[in-house]
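Okay, so here's the structure we're looking at.
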Amino acid sequence: MDILHLIDRLEEMASEARRLPVGGGLVIPRQRLLDIIDRMRVAVPREVYDSRDMLERRDQVLQSAQQEAARLVEESKANVEKRLSDTEVVKAAEERARQVLAEAQTRAQDLLKSAEEQARGHLDDAQQSSRAQMREADVYALQTLKRLEQELDGFMATVRKGVNALEHRAAERPG
């Protein structure tokens with residue numbers, strides 16, 4: 001039976017119950033009430049019970065995790081204290097790290113200068129190559145334009161001859 005239906009039945013029972021004259025209490029038949037309660041227990045989904053068990057297990061896991069965390073914190077504190085006692089080793093390592101860093105910076109600056117010089121050389125080469133290609137392109141364009149000019153001069157001469165011939169014919173015809 002559906003638990004919501006059982007809740008509705010409890011509500012009906014409460015609304016139909018007789019009221020006590022003093023205190024606002026109700027008189028409900030005990031056996032009917034216990035019967036509905038038993039049915040409600042049966043109608044409660046298994047997941048509700050499972051979730052209650054899961055919550056209890058979660059609390060146990062949380063407690064265990066807190067204990068483990070406290071243990072790890074204590075171990076970490078002990079490790080930190082031990083490492084702090086090794087300060088001479090730390091100081092030597094820090095000094096060596098500073099030396100390595102200084103050498104790396106010097107090397108990086110040298111590499112940067114070398115790269116800049118190579119880049120300048122490549123840029124100069126590219127500019128010279130570009131200028132040479134531009135000169136070649138200018139020479140080619142000039143030659144092409146001169147050939148075109150010669151062809152156009154030939155066309156103009158032909159056109160002039162044609163115009164002259166037509167003017168001469170027109171002048172000879174009576175009109």
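Naming scheme: A, B, ... for chains in displayed order of the structure tokens; residues 1 onward per chain; ligands 1 onward as shown.
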
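With only C-alpha atoms taken into account, the protein and nucleic acid residues at most 6 Å from Ala17 (chain A) (excluding it and anything under 2 positions from it in its own chain) are A:Met13, A:Ala14, A:Ser15, A:Leu26, A:Val27, A:Ile28.
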
Next, dump the selected residues to file, keeping only C-alpha atoms, as a compact mmCIF listing (two decimals), in the first residue's frame.
```txt
# COMPACT_ATOMS: atom_id res chain seq x y z
CA MET A 13 -8.93 9.16 11.49
CA ALA A 14 -7.79 12.31 13.28
CA SER A 15 -10.53 14.40 11.69
CA LEU A 26 -8.61 13.19 20.58
CA VAL A 27 -9.96 9.71 21.20
CA ILE A 28 -8.75 7.35 18.43
```

Original post:
Looking at only C-alpha atoms, which of A:Met156, A:Leu4, A:Ala92, A:Lys77 is the one that sits closest to Ala43 (chain A)?
Top reply: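 For Ala43 (chain A), the nearest of the given residues is A:Leu4.
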
**OP:** Quick one: everything within 10 Å of Arg9 (chain A), counting only C-alpha atoms, minus sequence neighbours fewer than 6 positions away in the same chain. Send it as a VMD selection string.
**Re:** chain A and resid 3 15 33 36

Subject >> Between CA of Ala132 (chain A) and CA of Arg120 (chain A), distance in Å (one decimal) >> reply: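 Atom-to-atom, CA of Ala132 (chain A) and CA of Arg120 (chain A) are spaced 18.4 Å apart.
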
Please, which residues of region 4-175 of chain A, numbered as in this document, come out strand (DSSP E) from DSSP, as a CSV table (one decimal) with all heavy atoms, in the first residue's frame?
```csv
chain,number,residue,atom,x,y,z
A,18,ARG,N,-13.2,11.6,18.1
A,18,ARG,CA,-14.0,12.5,19.1
A,18,ARG,C,-13.0,13.3,19.9
A,18,ARG,O,-11.9,12.9,20.2
A,18,ARG,CB,-14.7,11.6,20.1
A,18,ARG,CG,-16.0,10.9,19.5
A,18,ARG,CD,-16.7,10.1,20.5
A,18,ARG,NE,-15.9,8.9,20.8
A,18,ARG,CZ,-15.9,8.3,22.0
A,18,ARG,NH1,-16.7,8.7,22.9
A,18,ARG,NH2,-15.2,7.2,22.2
A,19,ARG,N,-13.4,14.5,20.1
A,19,ARG,CA,-12.6,15.5,20.9
A,19,ARG,C,-12.9,15.3,22.4
A,19,ARG,O,-14.0,15.1,22.8
A,19,ARG,CB,-12.8,16.9,20.5
A,19,ARG,CG,-12.5,17.2,19.0
A,19,ARG,CD,-12.5,18.7,18.8
A,19,ARG,NE,-12.2,19.0,17.4
A,19,ARG,CZ,-11.0,19.0,16.8
A,19,ARG,NH1,-10.0,18.6,17.5
A,19,ARG,NH2,-10.9,19.3,15.6
A,26,LEU,N,-7.7,14.0,21.4
A,26,LEU,CA,-8.6,13.2,20.6
A,26,LEU,C,-8.7,11.8,21.1
A,26,LEU,O,-7.7,11.2,21.6
A,26,LEU,CB,-8.1,13.1,19.1
A,26,LEU,CG,-8.0,14.5,18.4
A,26,LEU,CD1,-7.4,14.2,17.0
A,26,LEU,CD2,-9.4,15.1,18.2
A,27,VAL,N,-9.8,11.1,20.9
A,27,VAL,CA,-10.0,9.7,21.2
A,27,VAL,C,-10.0,9.0,19.9
A,27,VAL,O,-10.9,9.1,19.1
A,27,VAL,CB,-11.3,9.5,22.0
A,27,VAL,CG1,-11.5,8.0,22.2
A,27,VAL,CG2,-11.3,10.2,23.3
```

**OP:** May I ask for the distance between CA of Asp8 (chain A) and CA of Arg32 (chain A), given in Å to one decimal place?
**Re:**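 Straight-line distance from CA of Asp8 (chain A) to CA of Arg32 (chain A) works out to 13.7 Å.
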
**OP:** Work out how far apart CA of Gly162 (chain A) and CA of Gln143 (chain A) are and give it in Å to one decimal.
**Re:** 28.8 Å
